[in-house]
file coords_37.txt (compact mmCIF, C-alpha atoms)
# COMPACT_ATOMS: atom_id res chain seq x y z
CA MET A 470 4.07 10.67 -39.37
CA LEU A 471 3.09 12.01 -35.92
CA ASP A 472 0.76 10.10 -33.63
CA TYR A 473 -2.31 12.14 -32.65
CA THR A 474 -1.37 11.80 -28.95
CA ALA A 475 1.98 13.49 -29.62
CA ILE A 476 0.15 16.44 -31.16
CA ALA A 477 -2.30 16.49 -28.25
CA ASP A 478 0.66 16.39 -25.81
CA ALA A 479 2.22 19.41 -27.56
CA LEU A 480 -1.04 21.37 -27.36
CA ALA A 481 -1.46 20.32 -23.70
CA ALA A 482 2.02 21.69 -22.98
CA ASP A 483 1.06 24.97 -24.66
CA ILE A 484 -2.09 25.16 -22.54
CA ARG A 485 -0.22 24.44 -19.31
CA SER A 486 2.53 26.95 -20.12
CA GLY A 487 -0.01 29.67 -20.88
CA ALA A 488 0.86 29.96 -24.58
CA LEU A 489 -2.78 29.02 -25.19
CA LYS A 490 -4.99 30.97 -22.78
CA PRO A 491 -8.25 29.82 -21.14
CA GLY A 492 -11.21 30.69 -23.34
CA GLU A 493 -9.04 30.95 -26.46
CA ARG A 494 -10.70 29.42 -29.51
CA LEU A 495 -8.71 26.72 -31.28
CA PRO A 496 -8.80 26.78 -35.09
CA PRO A 497 -11.56 24.76 -36.77
CA GLN A 498 -10.51 21.12 -37.17
CA ARG A 499 -10.11 21.31 -40.96
CA GLU A 500 -7.94 24.43 -40.67
CA PHE A 501 -5.92 22.82 -37.85
CA ALA A 502 -5.41 19.73 -40.04
CA TYR A 503 -4.26 21.89 -42.97
CA GLN A 504 -1.84 23.89 -40.74
CA ARG A 505 -0.28 20.69 -39.37
CA SER A 506 -0.39 18.72 -42.63
CA ILE A 507 -2.45 15.98 -40.99
CA ALA A 508 -5.69 14.29 -41.94
CA PRO A 509 -8.93 15.90 -40.71
CA SER A 510 -9.71 12.64 -38.87
CA THR A 511 -6.40 12.99 -36.99
CA ALA A 512 -7.28 16.58 -36.09
CA ALA A 513 -10.64 15.35 -34.77
CA ARG A 514 -8.84 12.77 -32.61
CA VAL A 515 -6.45 15.46 -31.27
CA TYR A 516 -9.36 17.69 -30.25
CA ALA A 517 -11.25 14.74 -28.75
CA GLU A 518 -8.15 13.86 -26.70
CA LEU A 519 -7.87 17.43 -25.39
CA ILE A 520 -11.54 17.32 -24.40
CA ARG A 521 -11.06 13.91 -22.74
CA ARG A 522 -8.17 15.35 -20.71
CA GLY A 523 -10.35 18.28 -19.65
CA LEU A 524 -8.09 20.80 -21.37
CA ALA A 525 -10.64 21.93 -23.95
CA THR A 526 -14.38 22.10 -24.44
CA GLY A 527 -16.22 21.70 -27.71
CA GLU A 528 -19.44 23.48 -28.58
CA VAL A 529 -21.26 22.44 -31.75
CA GLY A 530 -21.51 25.40 -34.07
CA ARG A 531 -19.15 27.56 -32.00
CA GLY A 532 -15.89 25.62 -32.00
CA THR A 533 -13.36 24.21 -29.57
CA PHE A 534 -12.03 26.36 -26.72
CA VAL A 535 -9.25 26.03 -24.16
CA SER A 536 -10.96 25.30 -20.84
CA SER A 537 -10.31 27.39 -17.77
CA PRO A 538 -8.16 25.99 -14.94
CA LEU A 539 -11.25 25.95 -12.69
CA SER A 540 -13.05 23.56 -15.02
CA ARG A 541 -9.97 21.28 -15.01
CA ARG A 542 -10.18 20.66 -11.27
CA PRO A 543 -10.97 17.10 -10.16
CA PRO A 544 -14.51 16.27 -9.04
CA ALA A 545 -15.42 17.60 -5.59
CA LEU A 546 -15.40 14.20 -3.89
CA THR A 547 -11.88 13.24 -4.92
CA GLU A 548 -8.56 14.49 -3.69
CA PRO A 549 -5.80 15.44 -6.11
CA SER A 550 -2.88 13.04 -5.79
CA GLY A 551 -0.23 14.24 -3.39
CA SER A 552 -2.61 16.51 -1.47
CA ASP A 553 -3.83 16.24 2.09
CA VAL A 554 -7.14 14.49 2.67
CA ASP A 555 -9.87 17.09 3.13
CA LEU A 556 -12.59 15.93 5.51
CA SER A 557 -14.57 19.17 5.29
CA LEU A 558 -17.31 17.30 3.40
CA ASN A 559 -17.65 14.79 6.24
CA PHE A 560 -20.99 15.80 7.73
CA PRO A 561 -24.37 14.13 8.27
CA ILE A 562 -26.52 14.16 5.16
CA VAL A 563 -29.60 12.27 6.41
CA GLU A 564 -31.98 13.59 9.04
CA GLY A 565 -31.40 11.70 12.30
CA GLN A 566 -28.11 10.27 11.05
CA SER A 567 -26.20 11.25 14.20
CA ALA A 568 -28.72 9.51 16.48
CA ALA A 569 -28.68 6.37 14.32
CA LEU A 570 -24.89 6.36 14.39
CA GLN A 571 -24.89 6.72 18.18
CA MET A 572 -27.19 3.71 18.53
CA ALA A 573 -25.02 1.61 16.22
CA LEU A 574 -21.86 2.56 18.09
CA ARG A 575 -23.46 1.65 21.45
CA VAL A 576 -23.77 -1.92 20.24
CA LEU A 577 -20.07 -1.94 19.38
CA LEU A 578 -19.15 -0.69 22.84
CA ARG A 579 -20.78 -3.64 24.61
CA GLU A 580 -18.41 -5.94 26.44
CA LYS A 581 -16.37 -8.17 24.09
CA THR A 582 -18.20 -6.99 20.95
CA LEU A 583 -15.17 -5.20 19.50
CA GLU A 584 -13.01 -8.20 20.34
CA GLN A 585 -15.37 -10.53 18.51
CA ILE A 586 -15.76 -8.45 15.37
CA SER A 587 -12.15 -7.33 14.95
CA GLY A 588 -10.50 -10.74 15.25
CA PRO A 589 -9.69 -12.96 12.29
CA ILE A 590 -12.72 -14.80 10.96
CA GLY A 591 -11.26 -17.20 8.39
CA THR A 592 -12.84 -18.55 5.26
CA ARG A 593 -15.79 -20.15 7.08
CA ALA A 594 -16.82 -16.82 8.65
CA THR A 595 -19.86 -17.06 10.92
CA PRO A 596 -23.02 -19.15 10.45
CA SER A 597 -25.11 -15.99 10.03
CA ALA A 598 -22.73 -14.60 7.37
CA ARG A 599 -22.91 -17.91 5.47
CA ALA A 600 -26.73 -17.87 5.71
CA VAL A 601 -26.88 -14.31 4.33
CA ALA A 602 -24.53 -15.24 1.47
CA ALA A 603 -26.60 -18.35 0.67
CA ALA A 604 -29.78 -16.26 0.54
CA PHE A 605 -28.07 -13.72 -1.71
CA LEU A 606 -26.86 -16.42 -4.11
CA THR A 607 -30.23 -18.19 -4.30
CA ARG A 608 -31.67 -18.27 -7.83
CA GLY A 609 -35.07 -19.79 -8.57
CA GLN A 610 -35.24 -23.29 -7.07
CA TRP A 611 -31.49 -23.48 -6.48
CA ARG A 612 -30.24 -22.52 -3.03
CA PRO A 613 -26.65 -23.21 -2.00
CA GLN A 614 -25.97 -24.95 1.30
CA ALA A 615 -24.89 -22.32 3.83
CA ASP A 616 -22.31 -24.75 5.30
CA ALA A 617 -20.63 -25.07 1.88
CA ILE A 618 -19.99 -21.35 1.45
CA LEU A 619 -16.46 -20.08 1.98
CA PHE A 620 -15.25 -16.50 1.87
CA THR A 621 -12.10 -15.05 0.35
CA GLY A 622 -10.31 -11.79 0.94
CA ASN A 623 -10.53 -10.70 -2.70
CA GLY A 624 -11.34 -11.77 -6.23
CA ARG A 625 -7.91 -13.22 -6.93
CA GLN A 626 -8.19 -15.53 -3.94
CA ALA A 627 -11.63 -16.63 -5.14
CA ILE A 628 -10.27 -17.39 -8.63
CA ALA A 629 -7.32 -19.31 -7.16
CA ALA A 630 -9.68 -21.35 -4.97
CA ALA A 631 -11.94 -22.16 -7.94
CA LEU A 632 -8.96 -23.21 -10.05
CA SER A 633 -7.64 -25.38 -7.23
CA ALA A 634 -10.99 -27.14 -7.10
CA LEU A 635 -10.95 -27.73 -10.88
CA SER A 636 -7.37 -28.88 -11.34
CA PRO A 637 -5.00 -30.88 -9.08
CA PRO A 638 -1.61 -29.38 -8.09
CA GLY A 639 0.65 -29.40 -11.14
CA GLY A 640 -2.33 -30.11 -13.41
CA ARG A 641 -3.28 -28.08 -16.45
CA LEU A 642 -6.34 -26.01 -17.18
CA GLY A 643 -7.04 -24.53 -20.60
CA VAL A 644 -8.25 -20.96 -21.10
CA GLU A 645 -8.93 -18.88 -24.17
CA PRO A 646 -6.07 -16.64 -25.40
CA LEU A 647 -8.10 -13.53 -24.58
CA THR A 648 -8.84 -13.97 -20.89
CA TYR A 649 -8.29 -12.27 -17.55
CA PRO A 650 -4.47 -11.94 -17.24
CA VAL A 651 -4.46 -12.93 -13.55
CA LEU A 652 -6.09 -16.21 -14.52
CA LYS A 653 -3.16 -17.04 -16.80
CA GLY A 654 -0.70 -16.25 -14.00
CA LEU A 655 -2.49 -18.51 -11.54

call {"tool": "encode", "arguments": {"input": "coords_37.txt", "output": "structure tokens"}}
result
Amino acid sequence: MLDYTAIADALAADIRSGALKPGERLPPQREFAYQRSIAPSTAARVYAELIRRGLATGEVGRGTFVSSPLSRRPPALTEPSGSDVDLSLNFPIVEGQSAALQMALRVLLREKTLEQISGPIGTRATPSARAVAAAFLTRGQWRPQADAILFTGNGRQAIAAALSALSPPGGRLGVEPLTYPVLKGL
């Protein structure tokens, strides 16, 4: 018994090689299932996989067609892997954006500003950053103490810090079998 992805892979190879041409109509799903001696539900999954991969388009009442290479291109704001980065879309999109950017950059060019903002900050960050985080985390009557807020470089560091606070070194902490895999590793 063939897996539906193997059948989809074979059709994808035919599309890429040109054996199936852009715009060519694929057989109706029931006919395709009969030709391949597979269940109609498997044929539906094959066609859905081709559509998911962008290799085919389905139109209710008309059928399923091989998509053109142009419609298989990645979205405009992404770069295909292995290609050069195209900055041709890098232009101001808001009126007055250039002037606002100039003003913001002037602040950065003040004496010692770049030094201050590009150095390591550490987990305590700055008092103003802690105050902003405390305001953001405030819910109802509860407001965290700004002095008690620490920052991490990423989510894994935050999880490790929380686990360290809950369990002593070498201690054990129980989690459900179906949980975030990184949590189990920590």

call {"tool": "atom_distance", "arguments": {"input": "coords_37.txt", "atom1": "atom CA of A:Arg599", "atom2": "atom CA of A:Ile618"}}
result
6.0 Å

call {"tool": "closest_residue", "arguments": {"input": "coords_37.txt", "among": "A:Ala477, A:Ala615, A:Val644, A:Leu652", "to": "A:Ala631", "atoms": "all atoms listed in the file"}}
result
A:Leu652

call {"tool": "residues_near_point", "arguments": {"input": "coords_37.txt", "point": "(-9.4, 27.9, -36.3)", "cutoff": "12 Å", "atoms": "all atoms listed in the file", "output": "ChimeraX atom specification"}}
result
/A:493-504,512,516,531-534

call {"tool": "closest_residue", "arguments": {"input": "coords_37.txt", "among": "A:Thr607, A:Thr474, A:Thr621, A:Gln626", "to": "A:Arg521", "atoms": "all atoms listed in the file"}}
result
A:Thr474

call {"tool": "atom_distance", "arguments": {"input": "coords_37.txt", "atom1": "atom CA of A:Ile484", "atom2": "atom CA of A:Val515"}}
result
13.8 Å

call {"tool": "closest_residue", "arguments": {"input": "coords_37.txt", "among": "A:Pro613, A:Leu583, A:Leu619, A:Tyr473", "to": "A:Thr595", "atoms": "only C-alpha atoms"}}
result
A:Leu619

call {"tool": "build_atoms", "arguments": {"input": "coords_37.txt", "residues": "stretch 611-624 of chain A", "atoms": "N, CA and C atoms", "output": "PDB file, keeping the file's coordinate frame"}}
result
ATOM      1  N   TRP A 611     -32.814 -23.111  -6.986  1.00  0.00           N
ATOM      2  CA  TRP A 611     -31.490 -23.480  -6.480  1.00  0.00           C
ATOM      3  C   TRP A 611     -31.112 -22.607  -5.292  1.00  0.00           C
ATOM      4  N   ARG A 612     -30.711 -23.237  -4.219  1.00  0.00           N
ATOM      5  CA  ARG A 612     -30.240 -22.520  -3.030  1.00  0.00           C
ATOM      6  C   ARG A 612     -28.998 -23.242  -2.534  1.00  0.00           C
ATOM      7  N   PRO A 613     -27.867 -22.546  -2.472  1.00  0.00           N
ATOM      8  CA  PRO A 613     -26.650 -23.210  -2.000  1.00  0.00           C
ATOM      9  C   PRO A 613     -26.745 -23.538  -0.504  1.00  0.00           C
ATOM     10  N   GLN A 614     -26.037 -24.579  -0.111  1.00  0.00           N
ATOM     11  CA  GLN A 614     -25.970 -24.950   1.300  1.00  0.00           C
ATOM     12  C   GLN A 614     -25.115 -23.911   2.030  1.00  0.00           C
ATOM     13  N   ALA A 615     -25.626 -23.345   3.085  1.00  0.00           N
ATOM     14  CA  ALA A 615     -24.890 -22.320   3.830  1.00  0.00           C
ATOM     15  C   ALA A 615     -23.572 -22.875   4.358  1.00  0.00           C
ATOM     16  N   ASP A 616     -23.548 -24.159   4.761  1.00  0.00           N
ATOM     17  CA  ASP A 616     -22.310 -24.750   5.300  1.00  0.00           C
ATOM     18  C   ASP A 616     -21.216 -24.866   4.237  1.00  0.00           C
ATOM     19  N   ALA A 617     -21.602 -24.886   2.951  1.00  0.00           N
ATOM     20  CA  ALA A 617     -20.630 -25.070   1.880  1.00  0.00           C
ATOM     21  C   ALA A 617     -20.041 -23.758   1.388  1.00  0.00           C
ATOM     22  N   ILE A 618     -20.486 -22.655   1.915  1.00  0.00           N
ATOM     23  CA  ILE A 618     -19.990 -21.350   1.450  1.00  0.00           C
ATOM     24  C   ILE A 618     -18.723 -20.978   2.206  1.00  0.00           C
ATOM     25  N   LEU A 619     -17.724 -20.571   1.423  1.00  0.00           N
ATOM     26  CA  LEU A 619     -16.460 -20.080   1.980  1.00  0.00           C
ATOM     27  C   LEU A 619     -16.241 -18.666   1.472  1.00  0.00           C
ATOM     28  N   PHE A 620     -15.529 -17.885   2.238  1.00  0.00           N
ATOM     29  CA  PHE A 620     -15.250 -16.500   1.870  1.00  0.00           C
ATOM     30  C   PHE A 620     -13.774 -16.348   1.542  1.00  0.00           C
ATOM     31  N   THR A 621     -13.484 -15.379   0.671  1.00  0.00           N
ATOM     32  CA  THR A 621     -12.100 -15.050   0.350  1.00  0.00           C
ATOM     33  C   THR A 621     -11.883 -13.569   0.615  1.00  0.00           C
ATOM     34  N   GLY A 622     -10.635 -13.191   0.679  1.00  0.00           N
ATOM     35  CA  GLY A 622     -10.310 -11.790   0.940  1.00  0.00           C
ATOM     36  C   GLY A 622     -10.471 -10.907  -0.280  1.00  0.00           C
ATOM     37  N   ASN A 623     -10.406 -11.495  -1.472  1.00  0.00           N
ATOM     38  CA  ASN A 623     -10.530 -10.700  -2.700  1.00  0.00           C
ATOM     39  C   ASN A 623     -10.829 -11.610  -3.880  1.00  0.00           C
ATOM     40  N   GLY A 624     -10.999 -11.023  -5.024  1.00  0.00           N
ATOM     41  CA  GLY A 624     -11.340 -11.770  -6.230  1.00  0.00           C
ATOM     42  C   GLY A 624     -10.260 -12.740  -6.668  1.00  0.00           C
TER      43      GLY A 624
END
